[in-house]
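Here is structure.txt, consisting of compact mmCIF, C-alpha atoms (C1' of nucleotides):
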# COMPACT_ATOMS: atom_id res chain seq x y z
CA MET A 1 -15.07 -13.81 0.34
CA PRO A 2 -11.34 -13.07 0.50
CA GLU A 3 -11.10 -10.96 3.62
CA THR A 4 -11.85 -7.48 2.40
CA ALA A 5 -13.16 -4.82 4.71
CA THR A 6 -16.50 -4.16 3.05
CA ALA A 7 -19.15 -2.55 5.19
CA THR A 8 -21.61 -5.36 5.66
CA THR A 9 -22.73 -4.79 9.22
CA SER A 10 -22.26 -1.01 9.08
CA PRO A 11 -22.17 -0.31 12.83
CA SER A 12 -23.60 3.18 12.65
CA THR A 13 -21.54 5.19 10.14
CA GLN A 14 -20.37 7.23 13.11
CA ASP A 15 -19.77 10.60 11.52
CA SER A 16 -22.05 12.17 14.05
CA CYS A 17 -19.59 14.66 15.51
CA GLY A 18 -16.87 14.31 12.87
CA GLY A 19 -15.90 17.77 11.72
CA THR A 20 -16.17 20.31 8.96
CA PRO A 21 -17.81 19.60 5.60
CA HIS A 22 -14.35 19.67 4.07
CA ARG A 23 -12.99 17.01 6.39
CA GLU A 24 -16.04 14.86 5.81
CA ALA A 25 -15.62 15.20 2.08
CA TRP A 26 -12.02 14.04 2.47
CA LEU A 27 -13.11 11.05 4.53
CA ALA A 28 -15.71 10.18 1.93
CA LEU A 29 -13.09 10.45 -0.79
CA ALA A 30 -10.68 8.16 1.02
CA ARG A 31 -13.37 5.62 1.80
CA ALA A 32 -14.87 5.63 -1.66
CA HIS A 33 -11.46 5.09 -3.19
CA ALA A 34 -10.65 2.24 -0.84
CA ALA A 35 -14.02 0.58 -1.27
CA ILE A 36 -14.03 0.69 -5.06
CA THR A 37 -10.39 -0.36 -5.30
CA GLY A 38 -11.08 -3.20 -2.91
CA ARG A 39 -13.99 -4.45 -4.97
CA MET A 40 -11.93 -4.35 -8.15
CA GLN A 41 -9.13 -6.31 -6.52
CA GLU A 42 -11.60 -8.82 -5.21
CA ALA A 43 -13.21 -9.28 -8.60
CA LEU A 44 -9.85 -9.73 -10.28
CA THR A 45 -8.55 -12.34 -7.86
CA ALA A 46 -11.90 -14.10 -8.03
CA ALA A 47 -11.40 -14.34 -11.79
CA GLY A 48 -7.86 -15.65 -11.33
CA LEU A 49 -6.35 -12.50 -12.80
CA PRO A 50 -3.34 -10.39 -11.73
CA PRO A 51 -3.67 -7.46 -9.32
CA LEU A 52 -5.14 -4.08 -10.20
CA ALA A 53 -1.72 -2.43 -10.30
CA TRP A 54 -0.84 -4.55 -13.30
CA PHE A 55 -3.93 -3.42 -15.12
CA GLU A 56 -3.16 0.22 -14.38
CA VAL A 57 0.26 -0.21 -15.97
CA LEU A 58 -1.06 -2.03 -19.02
CA ALA A 59 -3.96 0.37 -19.54
CA THR A 60 -1.77 3.44 -19.17
CA LEU A 61 0.72 2.12 -21.69
CA ALA A 62 -2.05 1.15 -24.09
CA ASP A 63 -3.25 4.75 -24.12
CA ALA A 64 0.23 6.09 -24.76
CA PRO A 65 1.69 6.86 -28.19
CA GLU A 66 3.54 3.81 -29.55
CA GLU A 67 2.33 1.91 -26.49
CA LYS A 68 5.42 2.90 -24.56
CA LEU A 69 6.28 5.42 -21.85
CA LYS A 70 9.35 6.71 -20.11
CA MET A 71 9.69 5.21 -16.66
CA GLY A 72 9.45 8.61 -15.06
CA ASP A 73 6.28 9.60 -16.87
CA LEU A 74 4.69 6.27 -16.13
CA ALA A 75 5.48 6.60 -12.45
CA GLU A 76 3.94 10.04 -12.47
CA ALA A 77 0.80 8.87 -14.24
CA LEU A 78 0.35 6.06 -11.72
CA VAL A 79 1.28 8.32 -8.81
CA ILE A 80 3.84 5.92 -7.35
CA THR A 81 7.54 6.34 -6.67
CA ARG A 82 10.05 5.63 -9.40
CA GLY A 83 11.74 3.03 -7.25
CA GLY A 84 8.47 1.21 -6.81
CA LEU A 85 7.77 1.34 -10.52
CA THR A 86 11.12 -0.20 -11.42
CA LYS A 87 10.25 -3.33 -9.47
CA LEU A 88 6.65 -3.39 -10.62
CA VAL A 89 7.78 -3.24 -14.24
CA ASP A 90 10.36 -5.95 -13.47
CA ARG A 91 7.52 -8.25 -12.48
CA LEU A 92 5.51 -7.50 -15.61
CA ILE A 93 8.59 -8.11 -17.75
CA LYS A 94 9.21 -11.42 -16.01
CA ALA A 95 5.62 -12.30 -16.90
CA GLY A 96 6.32 -11.53 -20.55
CA LEU A 97 3.88 -8.63 -20.77
CA LEU A 98 6.34 -5.76 -21.21
CA GLU A 99 9.83 -5.14 -22.39
CA ARG A 100 12.38 -2.50 -21.57
CA THR A 101 13.49 -0.42 -24.52
CA PHE A 102 16.00 2.38 -24.62
CA CYS A 103 16.31 5.83 -26.03
CA GLU A 104 18.92 6.59 -28.70
CA THR A 105 19.20 10.29 -28.06
CA ASP A 106 19.33 10.12 -24.26
CA ARG A 107 20.76 6.95 -22.89
CA ARG A 108 19.60 7.65 -19.36
CA VAL A 109 15.96 7.06 -20.16
CA SER A 110 14.37 3.66 -20.52
CA TYR A 111 10.88 2.95 -21.76
CA ALA A 112 8.36 0.43 -20.56
CA THR A 113 6.98 -0.96 -23.79
CA LEU A 114 3.83 -3.02 -24.15
CA LEU A 115 4.12 -6.46 -25.73
CA PRO A 116 1.32 -8.33 -27.54
CA ALA A 117 0.86 -10.59 -24.52
CA GLY A 118 0.35 -7.48 -22.43
CA VAL A 119 -2.35 -6.18 -24.74
CA GLU A 120 -4.01 -9.55 -24.63
CA LEU A 121 -4.02 -9.71 -20.85
CA MET A 122 -5.31 -6.17 -20.62
CA GLU A 123 -8.23 -7.05 -22.87
CA GLU A 124 -8.94 -9.92 -20.54
CA MET A 125 -8.84 -7.78 -17.43
CA ARG A 126 -10.69 -4.78 -18.81
CA PRO A 127 -14.21 -6.19 -18.63
CA VAL A 128 -13.73 -7.22 -15.02
CA VAL A 129 -12.54 -3.76 -14.06
CA SER A 130 -15.21 -2.09 -16.18
CA ALA A 131 -17.92 -4.12 -14.52
CA GLU A 132 -16.94 -2.82 -11.10
CA LEU A 133 -16.64 0.64 -12.52
CA ASP A 134 -20.17 0.37 -13.82
CA VAL A 135 -21.49 -0.78 -10.46
CA ALA A 136 -19.96 2.21 -8.74
CA PHE A 137 -20.15 4.96 -11.34
CA THR A 138 -22.46 4.29 -14.24
CA ALA A 139 -25.24 3.12 -11.96
CA ASN A 140 -25.03 6.24 -9.83
CA LEU A 141 -23.95 9.10 -12.06
CA SER A 142 -25.07 10.53 -15.34
CA GLU A 143 -22.33 11.35 -17.79
CA GLY A 144 -22.72 15.00 -16.92
CA GLN A 145 -22.37 14.30 -13.23
CA ALA A 146 -19.31 12.19 -13.90
CA ASP A 147 -17.76 15.06 -15.82
CA GLU A 148 -18.56 17.44 -13.03
CA LEU A 149 -17.02 15.07 -10.48
CA ARG A 150 -13.91 14.68 -12.59
CA GLU A 151 -13.58 18.42 -12.92
CA THR A 152 -13.86 18.88 -9.17
CA LEU A 153 -11.34 16.15 -8.41
CA GLU A 154 -8.85 17.48 -10.92
CA ARG A 155 -9.10 20.86 -9.26
CA LEU A 156 -8.36 19.27 -5.89
CA ARG A 157 -5.44 17.36 -7.31
CA GLY A 158 -4.16 20.42 -9.05
CA SER A 159 -3.71 22.47 -5.94
CA ALA A 160 -2.24 19.47 -4.18
CA CYS A 161 0.49 19.30 -6.81
CA ASP A 162 1.51 22.86 -7.65
CA ALA A 163 3.24 22.90 -4.26
CA MET B 164 11.87 16.62 -1.54
CA PRO B 165 11.53 12.99 -0.42
CA GLU B 166 10.95 11.27 -3.73
CA THR B 167 7.24 11.63 -4.18
CA ALA B 168 5.61 11.45 -7.57
CA THR B 169 4.17 14.93 -7.77
CA ALA B 170 3.37 16.23 -11.22
CA THR B 171 5.99 18.89 -11.70
CA THR B 172 6.88 18.46 -15.32
CA SER B 173 3.37 17.35 -16.34
CA PRO B 174 4.25 15.83 -19.72
CA SER B 175 0.88 16.45 -21.34
CA THR B 176 -1.82 15.00 -19.07
CA GLN B 177 -2.40 12.49 -21.81
CA ASP B 178 -6.08 11.73 -21.37
CA SER B 179 -6.66 12.61 -24.97
CA CYS B 180 -8.17 9.33 -26.08
CA GLY B 181 -8.72 7.81 -22.61
CA GLY B 182 -12.29 6.57 -22.38
CA THR B 183 -15.75 7.26 -21.06
CA PRO B 184 -16.53 10.09 -18.67
CA HIS B 185 -17.06 7.47 -15.99
CA ARG B 186 -13.61 5.99 -16.43
CA GLU B 187 -12.06 9.43 -16.46
CA ALA B 188 -13.87 10.30 -13.28
CA TRP B 189 -12.46 7.15 -11.72
CA LEU B 190 -8.96 8.04 -12.82
CA ALA B 191 -9.36 11.52 -11.41
CA LEU B 192 -10.58 10.04 -8.13
CA ALA B 193 -7.62 7.70 -7.85
CA ARG B 194 -5.13 10.42 -8.70
CA ALA B 195 -6.63 13.01 -6.41
CA HIS B 196 -6.58 10.55 -3.55
CA ALA B 197 -2.98 9.60 -4.18
CA ALA B 198 -1.84 13.19 -4.58
CA ILE B 199 -3.50 14.48 -1.43
CA THR B 200 -2.43 11.48 0.62
CA GLY B 201 1.10 11.90 -0.65
CA ARG B 202 1.21 15.54 0.35
CA MET B 203 -0.09 14.75 3.82
CA GLN B 204 2.53 12.06 4.30
CA GLU B 205 5.21 14.41 3.10
CA ALA B 206 4.13 17.16 5.46
CA LEU B 207 4.01 14.76 8.41
CA THR B 208 7.46 13.32 7.85
CA ALA B 209 8.80 16.82 7.26
CA ALA B 210 7.47 17.72 10.71
CA GLY B 211 9.05 14.62 12.24
CA LEU B 212 5.66 13.07 12.95
CA PRO B 213 4.37 9.49 12.54
CA PRO B 214 2.70 8.31 9.32
CA LEU B 215 -0.79 9.22 8.23
CA ALA B 216 -2.13 5.77 9.11
CA TRP B 217 -1.42 6.48 12.76
CA PHE B 218 -3.40 9.67 12.61
CA GLU B 219 -6.31 7.89 10.99
CA VAL B 220 -6.41 5.40 13.84
CA LEU B 221 -6.13 8.05 16.54
CA ALA B 222 -8.70 10.35 14.94
CA THR B 223 -11.18 7.54 14.39
CA LEU B 224 -10.90 6.40 17.99
CA ALA B 225 -11.20 9.96 19.25
CA ASP B 226 -14.55 10.26 17.48
CA ALA B 227 -15.82 7.00 18.93
CA PRO B 228 -17.88 6.66 22.12
CA GLU B 229 -15.58 6.11 25.12
CA GLU B 230 -12.65 6.60 22.74
CA LYS B 231 -12.52 2.89 22.01
CA LEU B 232 -13.62 0.63 19.15
CA LYS B 233 -13.85 -3.07 18.46
CA MET B 234 -11.00 -4.19 16.24
CA GLY B 235 -13.40 -5.27 13.54
CA ASP B 236 -15.28 -1.98 13.46
CA LEU B 237 -12.05 -0.03 13.42
CA ALA B 238 -10.74 -2.06 10.51
CA GLU B 239 -13.96 -1.42 8.66
CA ALA B 240 -13.85 2.32 9.32
CA LEU B 241 -10.28 2.51 8.05
CA VAL B 242 -11.06 0.16 5.16
CA ILE B 243 -8.10 -2.10 5.81
CA THR B 244 -7.92 -5.82 6.56
CA ARG B 245 -8.29 -7.07 10.11
CA GLY B 246 -4.92 -8.74 9.97
CA GLY B 247 -3.31 -5.50 8.98
CA LEU B 248 -5.04 -3.64 11.77
CA THR B 249 -3.81 -6.05 14.41
CA LYS B 250 -0.21 -5.21 13.56
CA LEU B 251 -0.86 -1.52 13.11
CA VAL B 252 -2.46 -1.37 16.55
CA ASP B 253 0.46 -3.38 17.92
CA ARG B 254 2.80 -0.63 16.81
CA LEU B 255 0.67 2.10 18.34
CA ILE B 256 0.51 0.16 21.58
CA LYS B 257 4.27 -0.25 21.59
CA ALA B 258 4.47 3.52 21.21
CA GLY B 259 2.28 3.95 24.28
CA LEU B 260 -0.59 5.60 22.39
CA LEU B 261 -3.23 2.86 22.70
CA GLU B 262 -4.07 -0.06 24.89
CA ARG B 263 -5.95 -3.27 24.26
CA THR B 264 -9.01 -3.75 26.42
CA PHE B 265 -11.42 -6.64 26.48
CA CYS B 266 -15.12 -7.26 26.55
CA GLU B 267 -16.76 -8.92 29.54
CA THR B 268 -19.80 -10.26 27.77
CA ASP B 269 -18.03 -11.59 24.67
CA ARG B 270 -14.50 -12.69 25.27
CA ARG B 271 -13.69 -12.92 21.58
CA VAL B 272 -13.76 -9.19 21.04
CA SER B 273 -10.94 -6.84 21.95
CA TYR B 274 -11.04 -3.07 21.85
CA ALA B 275 -8.43 -0.60 20.73
CA THR B 276 -8.61 2.08 23.40
CA LEU B 277 -7.11 5.54 23.17
CA LEU B 278 -4.65 6.58 25.89
CA PRO B 279 -3.88 10.17 26.94
CA ALA B 280 -0.60 10.07 25.06
CA GLY B 281 -2.55 9.14 21.97
CA VAL B 282 -4.87 12.11 22.33
CA GLU B 283 -1.87 14.33 22.79
CA LEU B 284 -0.12 13.08 19.67
CA MET B 285 -3.29 13.41 17.67
CA GLU B 286 -3.62 17.05 18.68
CA GLU B 287 -0.08 17.52 17.50
CA MET B 288 -0.71 15.88 14.14
CA ARG B 289 -4.10 17.39 13.45
CA PRO B 290 -2.93 20.87 12.39
CA VAL B 291 -0.46 19.40 9.92
CA VAL B 292 -3.13 17.23 8.34
CA SER B 293 -5.66 20.05 8.43
CA ALA B 294 -3.29 22.37 6.67
CA GLU B 295 -2.96 20.02 3.73
CA LEU B 296 -6.68 19.50 3.79
CA ASP B 297 -7.16 23.23 3.52
CA VAL B 298 -4.79 23.50 0.59
CA ALA B 299 -6.70 20.86 -1.32
CA PHE B 300 -10.30 21.38 -0.19
CA THR B 301 -11.01 24.64 1.53
CA ALA B 302 -9.15 26.63 -1.11
CA ASN B 303 -11.09 25.03 -3.94
CA LEU B 304 -14.56 24.21 -2.65
CA SER B 305 -17.27 26.11 -0.86
CA GLU B 306 -18.89 24.30 2.04
CA GLY B 307 -21.86 23.59 -0.13
CA GLN B 308 -19.70 22.10 -2.85
CA ALA B 309 -17.89 20.00 -0.29
CA ASP B 310 -21.21 18.65 0.94
CA GLU B 311 -22.25 17.89 -2.59
CA LEU B 312 -18.97 16.10 -3.25
CA ARG B 313 -19.31 14.08 -0.07
CA GLU B 314 -22.83 13.11 -0.99
CA THR B 315 -21.73 11.94 -4.42
CA LEU B 316 -18.80 9.95 -3.05
CA GLU B 317 -20.91 8.29 -0.40
CA ARG B 318 -23.32 7.23 -3.10
CA LEU B 319 -20.46 5.68 -5.05
CA ARG B 320 -19.14 3.96 -1.99
CA GLY B 321 -22.59 2.75 -1.04
CA SER B 322 -23.16 0.78 -4.21
CA ALA B 323 -19.61 -0.55 -4.02
CA CYS B 324 -20.42 -2.05 -0.63
CA ASP B 325 -23.96 -3.42 -0.71
CA ALA B 326 -22.59 -6.21 -2.93
C1' DC C 327 36.70 21.59 -22.25
C1' DA C 328 36.97 20.13 -17.36
C1' DG C 329 34.35 19.78 -13.29
C1' DA C 330 30.09 20.47 -10.79
C1' DA C 331 25.22 20.01 -10.80
C1' DA C 332 21.18 17.97 -12.50
C1' DT C 333 18.54 14.18 -14.44
C1' DA C 334 16.90 9.21 -15.19
C1' DC C 335 16.75 5.15 -13.47
C1' DT C 336 18.06 1.06 -10.42
C1' DT C 337 19.09 -1.42 -6.16
C1' DG C 338 19.61 -2.65 -1.01
C1' DT C 339 17.27 -2.53 3.09
C1' DA C 340 13.64 -1.99 6.08
C1' DC C 341 9.00 -1.54 6.80
C1' DT C 342 4.08 -2.36 5.83
C1' DT C 343 0.23 -4.95 4.12
C1' DT C 344 -1.98 -8.80 2.63
C1' DC C 345 -3.38 -13.67 2.38
C1' DA C 346 -4.27 -17.89 4.38
C1' DA C 347 -4.15 -20.68 8.27
C1' DC C 348 -4.86 -20.90 13.15
C1' DT C 349 -6.87 -20.30 18.13
C1' DA C 350 -10.51 -19.10 20.95
C1' DT C 351 -15.19 -18.08 21.86
C1' DT C 352 -20.05 -17.88 20.86
C1' DG C 353 -24.31 -19.27 18.49
C1' DT C 354 -27.31 -22.93 16.37
C1' DC C 355 -30.11 -27.00 16.30
C1' DA C 356 -30.90 -31.87 16.38
C1' DT D 357 -26.23 -31.48 25.80
C1' DG D 358 -23.01 -32.08 22.03
C1' DA D 359 -21.37 -31.50 17.58
C1' DC D 360 -21.09 -28.04 13.73
C1' DA D 361 -20.97 -23.75 11.98
C1' DA D 362 -20.10 -18.88 12.53
C1' DT D 363 -17.61 -15.00 14.48
C1' DA D 364 -13.48 -12.21 16.46
C1' DG D 365 -9.08 -11.70 16.48
C1' DT D 366 -4.06 -13.01 15.91
C1' DT D 367 0.05 -14.79 13.48
C1' DG D 368 3.63 -16.56 9.94
C1' DA D 369 5.08 -16.32 5.38
C1' DA D 370 5.10 -13.80 1.10
C1' DA D 371 4.39 -9.87 -1.67
C1' DG D 372 4.56 -5.13 -2.22
C1' DT D 373 6.25 -0.25 -1.28
C1' DA D 374 9.04 3.44 0.12
C1' DC D 375 13.28 5.68 1.31
C1' DA D 376 17.97 6.48 0.75
C1' DA D 377 22.09 5.57 -1.54
C1' DG D 378 24.27 4.35 -5.85
C1' DT D 379 25.35 4.28 -11.14
C1' DA D 380 25.20 6.24 -15.55
C1' DT D 381 24.37 9.96 -18.58
C1' DT D 382 23.54 14.65 -19.78
C1' DT D 383 23.61 19.70 -19.02
C1' DC D 384 25.33 23.75 -17.22
C1' DT D 385 29.21 27.05 -16.18
C1' DG D 386 33.44 29.15 -15.60
For the file at hand, write its structure as structure tokens.
Amino acid sequence: MPETATATTSPSTQDSCGGTPHREAWLALARAHAAITGRMQEALTAAGLPPLAWFEVLATLADAPEEKLKMGDLAEALVITRGGLTKLVDRLIKAGLLERTFCETDRRVSYATLLPAGVELMEEMRPVVSAELDVAFTANLSEGQADELRETLERLRGSACDA
Amino acid sequence: MPETATATTSPSTQDSCGGTPHREAWLALARAHAAITGRMQEALTAAGLPPLAWFEVLATLADAPEEKLKMGDLAEALVITRGGLTKLVDRLIKAGLLERTFCETDRRVSYATLLPAGVELMEEMRPVVSAELDVAFTANLSEGQADELRETLERLRGSACDA
DNA sequence: CAGAAATACTTGTACTTTCAACTATTGTCA
DNA sequence: TGACAATAGTTGAAAGTACAAGTATTTCTG
């Protein structure tokens, strides 16, 4: 077990005094995210595969038209800073999974473009990620409930973005 | 605006093909978490206050009996690695907010113990964090809906933990 | 059209987090 | 008791991330 803070002993789940329902929902959100992310990471490293961030990049690009995306849009989709994305993409390029392509009409923009090797690796990672996703989501939620959850979360995110 | 990836332009929210409702719920969860966390960070730095991680530590300790917690339990509550917590606590100690205390009966364990200055800082940070929490949660969810959301998320987290 | 402002991305630096190895202490059982 | 395993926490090296400054290109404006 590669040192991940999974609640095995579970001291007492001390939310006894805690606070409002809203704050508790926020805590639950943060913890659920961390726990699920942690398990995915763990499963990937156990399988000798690259980190989850790489998969997020590959999967996002795979869903994009022409399998490429402007750096800015990709950063936004992944909710990380543009500076961080530049270096993340650098690593994926060095690994031969992506290439940087440029825009004719606006020479400021550069695209992160998926290469065949990237598609291949993504196909290899997907089942591992999906398996963890099934453990957490499919086993606990009907499709309708998942939709409802998504709708709620998008509402939360929405008002967190429109400044 | 301190370079944070908030969806201002919103290219198209390209989840057109995407995948199953479960995967989309997961994406929404990850994005909501990142967006809300980002806004909290932004608000804290704008107010000249320490990072969100510090608040998490202080708030967790404040809710604990005797305002202290074993390092391991604290790491678990925050869902970070023990190694990471050691250094995080080191920084808070250096800032005079915490102290390290020890256990008589088991000399392996050490506690992170809240100091008055830590309580004070937490009280100063709390309204900033709460404000962002209100924007995202209180404005969008009734208390009942928040409870429902929490219940759902705890279920997800549960099956992600019981390995 | 020149110059200022805005946009898109990259890079240098500093900080944070993780991973793996290490020390110290406690528990187990032969 | 005495060795072996398990547990609690810390630490050094490496990877990742963010912030601020910097370059290049485009757009706006007088």
Rank nothing, just name the residue among D:DC384, D:DC375, D:DA369, D:DA359 nearest to chain A, using all atoms listed in the file.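 Ranked by minimum distance to chain A, first place goes to D:DC375.
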Can you list, as a PyMOL selection string, every protein, DNA or RNA residue that comes within 9 Å of DG353 in chain C when you count all atoms listed in the file, leaving out same-chain residues fewer than 5 positions away? chain D and resi 361-363
Residue contacts of range 341-345 of chain C (8 Å, only C-alpha atoms (C1' of nucleotides)) excluding same-chain residues fewer than 4 positions away, as an NGL selection string: (:B and (244 or 246-247)) or (:D and (371-373))
For the residues in that selection, give me C-alpha atoms (C1' of nucleotides) as a short mmCIF file (atom, residue, chain, number, x, y, z; two decimals), in the frame of the given file.
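That gives us out-v6.cif:
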data_model
loop_
_atom_site.label_atom_id
_atom_site.label_comp_id
_atom_site.auth_asym_id
_atom_site.auth_seq_id
_atom_site.Cartn_x
_atom_site.Cartn_y
_atom_site.Cartn_z
CA THR B 244 -7.92 -5.82 6.56
CA GLY B 246 -4.92 -8.74 9.97
CA GLY B 247 -3.31 -5.50 8.98
"C1'" DA D 371 4.39 -9.87 -1.67
"C1'" DG D 372 4.56 -5.13 -2.22
"C1'" DT D 373 6.25 -0.25 -1.28
#
Could you tell me how far CA of Met285 in chain B sits from CA of Ala302 in chain B, in Å to one decimal place?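 Result for CA of Ala302 in chain B versus CA of Met285 in chain B: 23.7 Å, one decimal.
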Would you work out the distance separating CA of Gly321 in chain B from CA of Met203 in chain B, expressed in Å to one decimal?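 CA of Gly321 in chain B sits 26.0 Å away from CA of Met203 in chain B.
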Could you please select, counting all atoms listed in the file, the residues of chain B within 10 Å of chain C and state them as a ChimeraX atom specification? /B:243-248,250-251,269-272
Name the residues in contact with range 62-77 of chain A at a cut-off of 6 Å, using all atoms listed in the file, excluding same-chain residues fewer than 3 positions from it; report them as a list of chain:residue names.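 Returned residues: A:Ala59, A:Ile80, A:Arg82, A:Ser110, A:Tyr111, A:Ala112, A:Thr113, A:Leu114, B:Ala168.
You will find CA of Leu92 in chain A at 9.2 Å from CA of Leu58 in chain A.
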Selected residue of minimal separation from Val220 in chain B among B:Asn303, B:Glu311, B:Val291, B:Val282, counting only C-alpha atoms: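 Selected residue with least distance to Val220 in chain B: B:Val282.
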